[in-house]
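Colleague: Dropping a structure here in structure tokens format, bear with me for questions.
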Protein chains: 2
Amino acid sequence: MTDTDLDDEAKPETRRARQRRELLVEITDEARRLLETGGTAAVSWRAIARAVGLSPASLYTYFDSLDELFTELLLQSYGRLAAAVEAAVGAFADAQPGDRLLVGPLAYRSWALANRGQFNLIFTDQLPGYVAKPGGPTVEAQVAIFRPMIAVLAEHPESDSGQSAVKMPDADREADVGFWAVFHGLTTLEVNHHLDWTDAPQIFETQVRWFIEQRGLPSASEGLVERFTDWSQNT
Amino acid sequence: MTDTDLDDEAKPETRRARQRRELLVEITDEARRLLETGGTAAVSWRAIARAVGLSPASLYTYFDSLDELFTELLLQSYGRLAAAVEAAVGAFADAQPGDRLLVGPLAYRSWALANRGQFNLIFTDQLPGYVAKPGGPTVEAQVAIFRPMIAVLAEHPESDSGQSAVKMPDADREADVGFWAVFHGLTTLEVNHHLDWTDAPQIFETQVRWFIEQRGLPSASEGLVERFTDWSQNT
DNA sequence: CGAGAAATTCGAACACTGTTCGGGTTGATA
DNA sequence: TATCAACCCGAACAGTGTTCGAATTTCTCG
């Protein structure tokens with residue numbers, strides 16, 4: 001009954017280890033599904049246990065508590081959002097800076113609308129217990145989301161716009177946060193149905209474009225939103 | 001059975017009615033306290049029952065379900081935020097337009113930081129059941145928050161900034177939403193501890209000021225943030 | 001291979017939650 | 001005062017997270 005197969009006799013993965021790894025994926029997948037369909041309140045041990053065919057008590061072999069499961073879900077959501085942004089910006093690596101600067105927010109918004117539960121899990125405190133520790137892994141995941149966009153911004157440092165008589169050291173960072181605030185504000189409002197009475201996509205494109213231009217960056221090309229949409233669907 | 005009273009010796013409030021009214025306030029106050037201290041998960045019938053000295057079952061005389069209590073809390077939060085913004089803008093009614101336009105976001109942010117639970121209850125979907133009906137009372141409460149700021153913006157329609165060659169009818173509304181997105185984005189990020197690594201107040205003032213100026217509006221005066229802080233504390 | 005150790009699973013139980021129901025008690029009304 | 005609705009409560013049901021002990025399966029190593 002020993003698994004002599006594979007090639008040589010080195011056991012890179014024991015049978016238990018593989019099942020544990022697969023079950024971890026099943027658990028988090030089901031938890032994510034419940035989160036997206038019914039919100040955080042719908043994520044329950046017993047619902048997950050029914051889905052994966054285990055007893056609720058057995059799940060404590062994989063996570064010490066429900067908060068730990070949410071923490072894992074939170075970190076995965078960070079990574080997924082960062083990967084979505086990075087993939088989009090990377091796909092338009094040859095485009096002009098203005099285009100690349102618009103693609104980031106577009107991917108940001110697109111992922112958020114397709115993963116509302118995870119987006120809210122990231123950006124609004126829903127778990128009473130959890131607060132981000134200063135050296136914790138969430139701050140790294142935080143900056144990973146904006147690394148691609150910051151890189152583009154760094155190539156055009158603050159240009160001429162506004163009060164740049166004296167070169168303040170934090171001016172660039174402040175401008176970056178301001179840029180973030182624009183497309184994050186629009187995104188979170190749309191995600192939570194606070195822009196249903198408007199043409200949200202149109203406003204998003206117009207405002208982000210306007211913000212980029214006012215900052216003195218080269219403006220994005222005309223049909224970029226369509227190009228992004230096409231690329232997004234073929235992926 | 002016709003209530004013939006109206007003016008004279010009629011009992012303007014029966015004893016039971018007064019107690020019911022007071023208990024309604026006690027219930028919502030305690031629910032709000034629990035919401036601010038422990039989030040939505042901490043708001044439970046039994047905790048409220050312990051606080052007000054009633055049985056959990058008795059509370060169903062006042063609300064048909066916990067969702068109804070949250071709906072009431074949501075509507076009250078809308079009203080409180082709107083009142084805070086309106087009071088601040090009203091207190092600076094004699095100031096210049098740029099000042100009045102900055103006071104609104106300042107009050108918005110200030111209230112949000114002091115009432116994080118209610119702010120998140122308003123702007124992120126936390127109750128799986130509730131969605132805003134098109135004619136519901138939340139849309140009215142929504143616009144009530146921005147009525148004072150929209151009024152100031154309407155006095156200076158879009159000015160000259162940017163692409164106003166042709167006068168698009170929705171341009172003003174889009175600009176208003178863009179303005180909202182800036183200070184709402186910064187506020188919701190700060191409320192949920194995503195700007196702890198920055199000088200959040202400084203960024204808020206700089207970015208909102210910059211946005212106002214780029215829109216061609218008269219800039220706010222120098223010590224306005226201090227003036228608002230003073231007014232806020234003496235209220 | 002076979003014995004001991006470790007990991008995994010499960011059922012039962014505890015404390016907590018929202019909600020319903022039946023029967024009392026109290027207050028307003030005529 | 002008599003009636004009736006409003007109010008309050010205890011008990012109960014179904015659901016939740018979590019713990020514990022025992023049974024079972026799997027890995028490890030002599």
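Letters A, B, ... mark the chains of the structure tokens in the order given; residue numbers begin at 1 per chain; ligand numbers begin at 1, in order shown.
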Which RMSD value, in Å, follows from superposing chain A onto chain B on all C-alpha atoms in order by least squares?

Modeller: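 Overlaying the two chains on their C-alpha atoms yields 2.7 Å.
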
Colleague: Just the residues within 9 Å of B:Ala181, please, counting only C-alpha atoms (C1' of nucleotides), with nothing from its chain fewer than 3 positions along; format it as a list in words.

Modeller: Ala181, Val182, Phe183, His184, Gly185, Leu186, Thr187 and Leu189 of chain A; Asp176, Val177, Gly178, His184, Gly185 and Leu186 of chain B

Colleague: Fewer than 5 positions away in the same chain doesn't count, so skip those; otherwise give me all residues within 10 Å of C:DT19, counting only C-alpha atoms (C1' of nucleotides), as a PyMOL selection string.

Modeller: (chain B and resi 56-57+60+64-66) or (chain D and resi 13-14)

Colleague: What is the distance, in Å and to one decimal place, between atom CA of B:Ser44 and atom CA of A:His194?

Modeller: 27.1 Å

Colleague: Contacts from chain B to chain D, 12 Å maximum, only C-alpha atoms (C1' of nucleotides): show me the residue list as a CSV table (one decimal) with N, CA and C atoms, in the first residue's frame.

Modeller:
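Saved as result22.csv:
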chain,number,residue,atom,x,y,z
B,16,ARG,N,-48.5,55.4,29.0
B,16,ARG,CA,-47.8,54.3,28.3
B,16,ARG,C,-47.1,54.9,27.1
B,17,ALA,N,-47.7,55.8,26.4
B,17,ALA,CA,-47.0,56.4,25.2
B,17,ALA,C,-45.7,57.0,25.5
B,19,GLN,N,-43.7,56.3,28.1
B,19,GLN,CA,-42.7,55.2,28.4
B,19,GLN,C,-42.3,54.5,27.1
B,20,ARG,N,-43.2,54.3,26.2
B,20,ARG,CA,-42.8,53.7,24.9
B,20,ARG,C,-41.8,54.6,24.2
B,53,GLY,N,-33.1,46.7,30.8
B,53,GLY,CA,-33.8,46.0,31.9
B,53,GLY,C,-35.1,45.4,31.4
B,54,LEU,N,-35.1,44.8,30.2
B,54,LEU,CA,-36.2,44.1,29.7
B,54,LEU,C,-35.9,42.7,29.2
B,55,SER,N,-36.9,41.9,28.9
B,55,SER,CA,-36.6,40.6,28.4
B,55,SER,C,-36.4,40.7,26.9
B,56,PRO,N,-35.6,39.8,26.3
B,56,PRO,CA,-35.4,39.9,24.9
B,56,PRO,C,-36.7,39.8,24.1
B,57,ALA,N,-37.6,39.0,24.6
B,57,ALA,CA,-38.9,38.9,23.8
B,57,ALA,C,-39.7,40.2,23.9
B,58,SER,N,-39.5,41.0,24.9
B,58,SER,CA,-40.3,42.2,25.0
B,58,SER,C,-39.9,43.2,24.0
B,59,LEU,N,-38.7,43.1,23.5
B,59,LEU,CA,-38.2,44.1,22.6
B,59,LEU,C,-38.9,44.0,21.2
B,60,TYR,N,-39.6,42.9,21.0
B,60,TYR,CA,-40.3,42.7,19.8
B,60,TYR,C,-41.6,43.5,19.8
B,61,THR,N,-41.9,44.2,20.9
B,61,THR,CA,-43.0,45.1,20.8
B,61,THR,C,-42.6,46.4,20.1
B,62,TYR,N,-41.3,46.7,20.1
B,62,TYR,CA,-40.8,47.9,19.5
B,62,TYR,C,-40.2,47.7,18.1

Colleague: What are the nearest atom pairs, with distances in Å to one decimal, for all residues of chain C that come at most 12 Å from chain B, using only C-alpha atoms (C1' of nucleotides), set out by chain and rising residue number as a Markdown table?

Modeller:
| residue | atom | partner | partner_atom | distance |
| --- | --- | --- | --- | --- |
| C:DC16 | C1' | B:Arg46 | CA | 9.8 |
| C:DT17 | C1' | B:Ser44 | CA | 7.7 |
| C:DG18 | C1' | B:Trp45 | CA | 7.8 |
| C:DT19 | C1' | B:Ala57 | CA | 8.1 |
| C:DT20 | C1' | B:Ala57 | CA | 8.9 |
| C:DC21 | C1' | B:Ala57 | CA | 10.5 |
| C:DT26 | C1' | B:Arg16 | CA | 10.0 |
| C:DG27 | C1' | B:Arg16 | CA | 7.0 |
| C:DA28 | C1' | B:Thr14 | CA | 8.1 |
| C:DT29 | C1' | B:Met1 | CA | 9.4 |
| C:DA30 | C1' | B:Met1 | CA | 9.2 |

Colleague: Go ahead and save the picked residues with N, CA, C and O atoms (P, O5', C5', C4', C3', O3' and C1' of nucleotides), as a PDB file, in the first residue's frame.

Modeller:
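The result, written out as out_35.pdb:
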ATOM      1  P    DC C  16     -22.948  32.736  28.265  1.00  0.00           P
ATOM      2  O5'  DC C  16     -23.636  33.210  26.896  1.00  0.00           O
ATOM      3  C5'  DC C  16     -22.817  33.795  25.886  1.00  0.00           C
ATOM      4  C4'  DC C  16     -23.428  33.606  24.514  1.00  0.00           C
ATOM      5  C3'  DC C  16     -24.745  34.336  24.255  1.00  0.00           C
ATOM      6  O3'  DC C  16     -24.514  35.686  23.900  1.00  0.00           O
ATOM      7  C1'  DC C  16     -24.591  32.209  23.129  1.00  0.00           C
ATOM      8  P    DT C  17     -25.762  36.710  23.789  1.00  0.00           P
ATOM      9  O5'  DT C  17     -26.453  36.347  22.393  1.00  0.00           O
ATOM     10  C5'  DT C  17     -25.792  36.696  21.172  1.00  0.00           C
ATOM     11  C4'  DT C  17     -26.519  36.077  19.994  1.00  0.00           C
ATOM     12  C3'  DT C  17     -27.963  36.508  19.829  1.00  0.00           C
ATOM     13  O3'  DT C  17     -28.027  37.733  19.127  1.00  0.00           O
ATOM     14  C1'  DT C  17     -27.702  34.144  19.442  1.00  0.00           C
ATOM     15  P    DG C  18     -29.428  38.549  19.174  1.00  0.00           P
ATOM     16  O5'  DG C  18     -30.384  37.775  18.164  1.00  0.00           O
ATOM     17  C5'  DG C  18     -30.087  37.798  16.771  1.00  0.00           C
ATOM     18  C4'  DG C  18     -31.170  37.076  15.986  1.00  0.00           C
ATOM     19  C3'  DG C  18     -32.540  37.748  16.023  1.00  0.00           C
ATOM     20  O3'  DG C  18     -33.176  37.615  14.757  1.00  0.00           O
ATOM     21  C1'  DG C  18     -32.683  35.583  16.997  1.00  0.00           C
ATOM     22  P    DT C  19     -34.547  38.413  14.493  1.00  0.00           P
ATOM     23  O5'  DT C  19     -35.648  37.371  14.977  1.00  0.00           O
ATOM     24  C5'  DT C  19     -35.665  36.068  14.393  1.00  0.00           C
ATOM     25  C4'  DT C  19     -36.704  35.211  15.067  1.00  0.00           C
ATOM     26  C3'  DT C  19     -38.053  35.891  15.350  1.00  0.00           C
ATOM     27  O3'  DT C  19     -39.035  35.352  14.488  1.00  0.00           O
ATOM     28  C1'  DT C  19     -37.341  34.507  17.164  1.00  0.00           C
ATOM     29  P    DT C  20     -40.577  35.814  14.593  1.00  0.00           P
ATOM     30  O5'  DT C  20     -41.213  34.665  15.481  1.00  0.00           O
ATOM     31  C5'  DT C  20     -40.916  33.307  15.185  1.00  0.00           C
ATOM     32  C4'  DT C  20     -41.720  32.378  16.091  1.00  0.00           C
ATOM     33  C3'  DT C  20     -43.162  32.817  16.340  1.00  0.00           C
ATOM     34  O3'  DT C  20     -44.030  31.702  16.200  1.00  0.00           O
ATOM     35  C1'  DT C  20     -42.033  32.529  18.408  1.00  0.00           C
ATOM     36  P    DC C  21     -45.643  31.938  16.152  1.00  0.00           P
ATOM     37  O5'  DC C  21     -46.073  31.382  17.590  1.00  0.00           O
ATOM     38  C5'  DC C  21     -45.499  30.174  18.079  1.00  0.00           C
ATOM     39  C4'  DC C  21     -45.870  29.965  19.530  1.00  0.00           C
ATOM     40  C3'  DC C  21     -47.272  30.455  19.926  1.00  0.00           C
ATOM     41  O3'  DC C  21     -47.980  29.412  20.573  1.00  0.00           O
ATOM     42  C1'  DC C  21     -45.640  31.287  21.432  1.00  0.00           C
ATOM     43  P    DT C  26     -49.608  43.868  37.806  1.00  0.00           P
ATOM     44  O5'  DT C  26     -49.468  45.192  36.929  1.00  0.00           O
ATOM     45  C5'  DT C  26     -48.480  45.248  35.892  1.00  0.00           C
ATOM     46  C4'  DT C  26     -48.955  46.168  34.792  1.00  0.00           C
ATOM     47  C3'  DT C  26     -49.736  47.390  35.287  1.00  0.00           C
ATOM     48  O3'  DT C  26     -49.113  48.558  34.815  1.00  0.00           O
ATOM     49  C1'  DT C  26     -50.847  46.351  33.478  1.00  0.00           C
ATOM     50  P    DG C  27     -49.472  50.003  35.487  1.00  0.00           P
ATOM     51  O5'  DG C  27     -50.180  50.767  34.273  1.00  0.00           O
ATOM     52  C5'  DG C  27     -49.488  50.896  33.054  1.00  0.00           C
ATOM     53  C4'  DG C  27     -50.461  51.142  31.917  1.00  0.00           C
ATOM     54  C3'  DG C  27     -51.354  52.369  32.091  1.00  0.00           C
ATOM     55  O3'  DG C  27     -51.274  53.183  30.935  1.00  0.00           O
ATOM     56  C1'  DG C  27     -52.667  50.455  31.603  1.00  0.00           C
ATOM     57  P    DA C  28     -51.852  54.675  30.957  1.00  0.00           P
ATOM     58  O5'  DA C  28     -53.090  54.554  29.948  1.00  0.00           O
ATOM     59  C5'  DA C  28     -52.815  54.286  28.585  1.00  0.00           C
ATOM     60  C4'  DA C  28     -54.106  53.947  27.847  1.00  0.00           C
ATOM     61  C3'  DA C  28     -55.146  55.071  27.812  1.00  0.00           C
ATOM     62  O3'  DA C  28     -55.706  55.140  26.520  1.00  0.00           O
ATOM     63  C1'  DA C  28     -56.109  53.128  28.728  1.00  0.00           C
ATOM     64  P    DT C  29     -56.616  56.394  26.051  1.00  0.00           P
ATOM     65  O5'  DT C  29     -57.981  55.693  25.649  1.00  0.00           O
ATOM     66  C5'  DT C  29     -58.054  54.276  25.657  1.00  0.00           C
ATOM     67  C4'  DT C  29     -59.504  53.822  25.612  1.00  0.00           C
ATOM     68  C3'  DT C  29     -60.557  54.929  25.597  1.00  0.00           C
ATOM     69  O3'  DT C  29     -61.642  54.520  24.808  1.00  0.00           O
ATOM     70  C1'  DT C  29     -60.914  53.586  27.485  1.00  0.00           C
ATOM     71  P    DA C  30     -62.571  55.613  24.085  1.00  0.00           P
ATOM     72  O5'  DA C  30     -64.029  54.992  24.213  1.00  0.00           O
ATOM     73  C5'  DA C  30     -64.162  53.573  24.336  1.00  0.00           C
ATOM     74  C4'  DA C  30     -65.337  53.247  25.234  1.00  0.00           C
ATOM     75  C3'  DA C  30     -66.421  54.323  25.279  1.00  0.00           C
ATOM     76  O3'  DA C  30     -67.696  53.740  25.081  1.00  0.00           O
ATOM     77  C1'  DA C  30     -65.776  53.750  27.461  1.00  0.00           C
TER      78       DA C  30
END

Colleague: Quick one: contact table of chain B to chain A, 9 Å max, nearest atom pair and distance in Å to one decimal per residue, counting only C-alpha atoms, chain and number order, as a tab-separated table?

Modeller:
residue	atom	partner	partner_atom	distance
B:Thr37	CA	A:Pro128	CA	8.8
B:Gly38	CA	A:Pro128	CA	5.8
B:Gly39	CA	A:Pro128	CA	6.0
B:Thr40	CA	A:Gln126	CA	7.9
B:Ala41	CA	A:Pro128	CA	7.7
B:Ala42	CA	A:Pro128	CA	8.4
B:Gly117	CA	A:Asp125	CA	8.9
B:Asn120	CA	A:Thr124	CA	7.2
B:Phe123	CA	A:Asn192	CA	6.7
B:Thr124	CA	A:Asn192	CA	5.5
B:Asp125	CA	A:Asn192	CA	5.9
B:Gln126	CA	A:Gly39	CA	7.1
B:Leu127	CA	A:Gly39	CA	7.8
B:Pro128	CA	A:Gly38	CA	5.9
B:Gly129	CA	A:Gly38	CA	8.8
B:Val131	CA	A:His193	CA	8.5
B:Ala132	CA	A:His193	CA	8.2
B:Pro134	CA	A:Trp197	CA	8.9
B:Val139	CA	A:His194	CA	8.9
B:Gln142	CA	A:His194	CA	8.6
B:Gly162	CA	A:Trp210	CA	7.6
B:Gln163	CA	A:Trp210	CA	8.7
B:Arg173	CA	A:Thr198	CA	8.9
B:Glu174	CA	A:Ile203	CA	5.8
B:Ala175	CA	A:Gln207	CA	7.6
B:Val177	CA	A:Ile203	CA	7.8
B:Gly178	CA	A:Gln207	CA	6.0
B:Phe179	CA	A:Val182	CA	8.5
B:Trp180	CA	A:Gly185	CA	8.1
B:Ala181	CA	A:Gly185	CA	4.6
B:Val182	CA	A:Val182	CA	4.8
B:Phe183	CA	A:Ala181	CA	7.6
B:His184	CA	A:Gly185	CA	5.8
B:Gly185	CA	A:Gly185	CA	3.7
B:Leu186	CA	A:Ala181	CA	5.3
B:Thr187	CA	A:Ala181	CA	8.8
B:Thr188	CA	A:Gly185	CA	7.9
B:Leu189	CA	A:Phe123	CA	7.2
B:Val191	CA	A:Thr124	CA	8.3
B:Asn192	CA	A:Thr124	CA	5.5
B:His193	CA	A:Ala132	CA	8.2
B:His194	CA	A:Phe123	CA	7.6
B:Leu195	CA	A:Val177	CA	8.8
B:Trp197	CA	A:Pro134	CA	8.9
B:Thr198	CA	A:Glu174	CA	8.6
B:Asp199	CA	A:Glu174	CA	8.8
B:Gln202	CA	A:Glu174	CA	8.6
B:Ile203	CA	A:Glu174	CA	5.8
B:Phe204	CA	A:Gly178	CA	8.3
B:Thr206	CA	A:Glu174	CA	8.0
B:Gln207	CA	A:Gly178	CA	6.0
B:Val208	CA	A:Gly178	CA	8.8
B:Trp210	CA	A:Gly162	CA	7.6
B:Glu213	CA	A:Gly162	CA	8.8
B:Gln214	CA	A:Gln214	CA	7.6

Colleague: Could you turn the residues from that selection into a file that holds C-alpha atoms, as a PDB file, in the first residue's frame?

Modeller:
ATOM      1  CA  THR B  37     -17.822  49.866  20.593  1.00  0.00           C
ATOM      2  CA  GLY B  38     -17.999  46.426  19.037  1.00  0.00           C
ATOM      3  CA  GLY B  39     -19.282  46.753  15.486  1.00  0.00           C
ATOM      4  CA  THR B  40     -22.469  45.354  14.036  1.00  0.00           C
ATOM      5  CA  ALA B  41     -21.785  41.908  15.451  1.00  0.00           C
ATOM      6  CA  ALA B  42     -21.967  43.316  18.986  1.00  0.00           C
ATOM      7  CA  GLY B 117     -19.522  52.373  13.252  1.00  0.00           C
ATOM      8  CA  ASN B 120     -19.492  52.283   7.955  1.00  0.00           C
ATOM      9  CA  PHE B 123     -21.577  53.525   3.354  1.00  0.00           C
ATOM     10  CA  THR B 124     -20.805  49.799   3.229  1.00  0.00           C
ATOM     11  CA  ASP B 125     -23.316  46.997   2.905  1.00  0.00           C
ATOM     12  CA  GLN B 126     -23.127  45.148   6.166  1.00  0.00           C
ATOM     13  CA  LEU B 127     -26.683  43.839   6.444  1.00  0.00           C
ATOM     14  CA  PRO B 128     -27.298  41.089   3.911  1.00  0.00           C
ATOM     15  CA  GLY B 129     -31.005  41.777   3.835  1.00  0.00           C
ATOM     16  CA  VAL B 131     -30.847  47.148  -0.081  1.00  0.00           C
ATOM     17  CA  ALA B 132     -31.938  50.723  -0.714  1.00  0.00           C
ATOM     18  CA  PRO B 134     -35.382  53.431  -5.364  1.00  0.00           C
ATOM     19  CA  VAL B 139     -31.992  58.356  -1.049  1.00  0.00           C
ATOM     20  CA  GLN B 142     -28.405  60.675   0.981  1.00  0.00           C
ATOM     21  CA  GLY B 162     -10.485  71.791 -18.022  1.00  0.00           C
ATOM     22  CA  GLN B 163     -12.638  70.520 -20.803  1.00  0.00           C
ATOM     23  CA  ARG B 173     -23.116  66.634 -11.549  1.00  0.00           C
ATOM     24  CA  GLU B 174     -20.064  64.645 -12.562  1.00  0.00           C
ATOM     25  CA  ALA B 175     -17.835  67.271 -11.023  1.00  0.00           C
ATOM     26  CA  VAL B 177     -19.539  63.413  -7.575  1.00  0.00           C
ATOM     27  CA  GLY B 178     -15.827  63.750  -8.225  1.00  0.00           C
ATOM     28  CA  PHE B 179     -15.535  66.264  -5.421  1.00  0.00           C
ATOM     29  CA  TRP B 180     -17.484  63.938  -3.154  1.00  0.00           C
ATOM     30  CA  ALA B 181     -15.264  61.021  -4.109  1.00  0.00           C
ATOM     31  CA  VAL B 182     -12.132  62.852  -3.003  1.00  0.00           C
ATOM     32  CA  PHE B 183     -13.122  63.651   0.548  1.00  0.00           C
ATOM     33  CA  HIS B 184     -15.209  60.511   0.948  1.00  0.00           C
ATOM     34  CA  GLY B 185     -12.336  58.364  -0.231  1.00  0.00           C
ATOM     35  CA  LEU B 186      -9.905  59.997   2.152  1.00  0.00           C
ATOM     36  CA  THR B 187     -12.426  59.811   4.973  1.00  0.00           C
ATOM     37  CA  THR B 188     -13.351  56.160   4.581  1.00  0.00           C
ATOM     38  CA  LEU B 189      -9.692  55.196   4.253  1.00  0.00           C
ATOM     39  CA  VAL B 191     -11.842  55.739   9.318  1.00  0.00           C
ATOM     40  CA  ASN B 192     -10.802  52.175   8.592  1.00  0.00           C
ATOM     41  CA  HIS B 193      -7.172  52.710   9.551  1.00  0.00           C
ATOM     42  CA  HIS B 194      -5.737  52.627   6.057  1.00  0.00           C
ATOM     43  CA  LEU B 195      -3.933  55.952   6.394  1.00  0.00           C
ATOM     44  CA  TRP B 197       1.137  55.591   8.205  1.00  0.00           C
ATOM     45  CA  THR B 198       0.495  59.093   6.881  1.00  0.00           C
ATOM     46  CA  ASP B 199      -0.304  62.551   8.182  1.00  0.00           C
ATOM     47  CA  GLN B 202      -2.569  67.271   6.472  1.00  0.00           C
ATOM     48  CA  ILE B 203      -3.302  65.205   3.394  1.00  0.00           C
ATOM     49  CA  PHE B 204      -7.013  65.781   3.764  1.00  0.00           C
ATOM     50  CA  THR B 206      -4.111  69.696   1.097  1.00  0.00           C
ATOM     51  CA  GLN B 207      -6.031  67.497  -1.283  1.00  0.00           C
ATOM     52  CA  VAL B 208      -9.445  69.065  -0.746  1.00  0.00           C
ATOM     53  CA  TRP B 210      -6.129  71.551  -4.204  1.00  0.00           C
ATOM     54  CA  GLU B 213      -8.612  75.488  -6.476  1.00  0.00           C
ATOM     55  CA  GLN B 214      -8.241  73.368  -9.592  1.00  0.00           C
TER      56      GLN B 214
END

Colleague: Using only C-alpha atoms, can you tell me which of B:Val85, B:Leu121, B:Ala114, B:Leu101 comes closest to B:Phe70?

Modeller: B:Leu121

Colleague: Would you please extract all alpha helix (DSSP H) residues from stretch 12-228 of chain B, as assigned by DSSP on the backbone, and give them as number ranges by chain?

Modeller: B: 15-38, 45-52, 66-91, 97-114, 116-123, 137-155, 171-191, 200-214, 224-228

Colleague: Write out as a short mmCIF file (atom, residue, chain, number, x, y, z; two decimals) with all heavy atoms, in the first residue's frame the residues lying within 9 Å of B:Met149, counting only C-alpha atoms (C1' of nucleotides) and excluding same-chain residues fewer than 2 positions away.

Modeller:
data_model
loop_
_atom_site.label_atom_id
_atom_site.label_comp_id
_atom_site.auth_asym_id
_atom_site.auth_seq_id
_atom_site.Cartn_x
_atom_site.Cartn_y
_atom_site.Cartn_z
N VAL B 85 -23.07 68.11 9.01
CA VAL B 85 -22.57 68.90 7.88
C VAL B 85 -23.35 70.20 7.76
O VAL B 85 -22.76 71.29 7.60
CB VAL B 85 -22.70 68.07 6.58
CG1 VAL B 85 -22.38 68.93 5.38
CG2 VAL B 85 -21.77 66.87 6.64
N GLU B 86 -24.66 70.12 7.90
CA GLU B 86 -25.47 71.32 7.73
C GLU B 86 -25.16 72.35 8.81
O GLU B 86 -25.06 73.55 8.53
CB GLU B 86 -26.96 70.93 7.78
CG GLU B 86 -27.87 72.05 7.33
CD GLU B 86 -29.27 71.53 7.05
OE1 GLU B 86 -29.50 70.32 7.23
OE2 GLU B 86 -30.14 72.34 6.64
N VAL B 89 -21.70 74.00 7.90
CA VAL B 89 -21.79 74.93 6.78
C VAL B 89 -22.63 76.15 7.18
O VAL B 89 -22.31 77.30 6.81
CB VAL B 89 -22.39 74.23 5.55
CG1 VAL B 89 -22.54 75.21 4.40
CG2 VAL B 89 -21.50 73.06 5.13
N ARG B 100 -16.62 77.97 2.79
CA ARG B 100 -17.80 77.14 3.02
C ARG B 100 -17.65 75.79 2.33
O ARG B 100 -18.14 74.78 2.81
CB ARG B 100 -19.04 77.86 2.50
CG ARG B 100 -19.50 78.97 3.45
CD ARG B 100 -20.26 80.03 2.70
NE ARG B 100 -21.45 79.50 2.07
CZ ARG B 100 -22.07 80.07 1.04
NH1 ARG B 100 -21.58 81.18 0.53
NH2 ARG B 100 -23.14 79.53 0.53
N LEU B 101 -16.97 75.79 1.20
CA LEU B 101 -16.80 74.53 0.48
C LEU B 101 -15.80 73.61 1.17
O LEU B 101 -15.82 72.39 0.98
CB LEU B 101 -16.32 74.82 -0.95
CG LEU B 101 -16.63 73.75 -1.98
CD1 LEU B 101 -18.10 73.36 -1.89
CD2 LEU B 101 -16.31 74.26 -3.37
N LEU B 102 -14.92 74.15 1.95
CA LEU B 102 -13.99 73.32 2.70
C LEU B 102 -14.58 72.87 4.03
O LEU B 102 -14.24 71.79 4.53
CB LEU B 102 -12.68 74.09 2.93
CG LEU B 102 -11.57 73.37 3.69
CD1 LEU B 102 -11.26 72.03 3.05
CD2 LEU B 102 -10.32 74.23 3.75
N VAL B 103 -15.47 73.67 4.60
CA VAL B 103 -16.05 73.32 5.89
C VAL B 103 -16.90 72.04 5.77
O VAL B 103 -16.88 71.21 6.68
CB VAL B 103 -16.89 74.50 6.42
CG1 VAL B 103 -17.83 74.02 7.52
CG2 VAL B 103 -15.98 75.59 6.95
N GLY B 104 -17.60 71.89 4.68
CA GLY B 104 -18.42 70.69 4.52
C GLY B 104 -17.62 69.41 4.65
O GLY B 104 -17.91 68.59 5.52
N PRO B 105 -16.60 69.21 3.82
CA PRO B 105 -15.77 68.01 3.97
C PRO B 105 -15.13 67.89 5.35
O PRO B 105 -15.00 66.78 5.86
CB PRO B 105 -14.71 68.19 2.88
CG PRO B 105 -15.41 68.98 1.83
CD PRO B 105 -16.32 69.92 2.56
N ILE B 145 -27.31 65.00 2.89
CA ILE B 145 -25.96 65.20 3.38
C ILE B 145 -25.23 66.24 2.54
O ILE B 145 -24.45 67.04 3.04
CB ILE B 145 -25.21 63.85 3.37
CG1 ILE B 145 -25.88 62.88 4.35
CG2 ILE B 145 -23.75 64.05 3.73
CD1 ILE B 145 -25.29 61.49 4.32
N PHE B 146 -25.51 66.23 1.23
CA PHE B 146 -24.73 67.05 0.32
C PHE B 146 -25.45 68.31 -0.11
O PHE B 146 -24.88 69.10 -0.86
CB PHE B 146 -24.34 66.24 -0.92
CG PHE B 146 -23.71 64.94 -0.55
CD1 PHE B 146 -24.42 63.77 -0.60
CD2 PHE B 146 -22.41 64.92 -0.09
CE1 PHE B 146 -23.83 62.58 -0.23
CE2 PHE B 146 -21.82 63.74 0.28
CZ PHE B 146 -22.54 62.56 0.21
N ARG B 147 -26.66 68.49 0.37
CA ARG B 147 -27.40 69.68 -0.03
C ARG B 147 -26.60 70.96 0.26
O ARG B 147 -26.48 71.84 -0.61
CB ARG B 147 -28.76 69.72 0.65
CG ARG B 147 -29.82 70.43 -0.17
CD ARG B 147 -31.07 70.69 0.63
NE ARG B 147 -31.52 69.52 1.38
CZ ARG B 147 -32.25 68.53 0.85
NH1 ARG B 147 -32.60 68.60 -0.40
NH2 ARG B 147 -32.63 67.52 1.59
N ALA B 151 -25.15 73.31 -2.76
CA ALA B 151 -25.60 74.69 -2.88
C ALA B 151 -24.42 75.62 -3.15
O ALA B 151 -24.50 76.51 -4.02
CB ALA B 151 -26.31 75.11 -1.60
N VAL B 152 -23.33 75.42 -2.45
CA VAL B 152 -22.16 76.26 -2.68
C VAL B 152 -21.61 76.02 -4.07
O VAL B 152 -21.24 76.96 -4.79
CB VAL B 152 -21.09 75.98 -1.61
CG1 VAL B 152 -19.89 76.89 -1.82
CG2 VAL B 152 -21.66 76.18 -0.21
N LEU B 153 -21.55 74.76 -4.47
CA LEU B 153 -21.02 74.46 -5.80
C LEU B 153 -21.89 75.06 -6.89
O LEU B 153 -21.38 75.51 -7.92
CB LEU B 153 -20.92 72.94 -5.99
CG LEU B 153 -19.72 72.27 -5.33
CD1 LEU B 153 -19.90 70.75 -5.34
CD2 LEU B 153 -18.44 72.64 -6.06
N ALA B 154 -23.19 75.08 -6.65
CA ALA B 154 -24.08 75.59 -7.69
C ALA B 154 -23.87 77.08 -7.92
O ALA B 154 -24.15 77.60 -9.01
CB ALA B 154 -25.54 75.33 -7.28
#
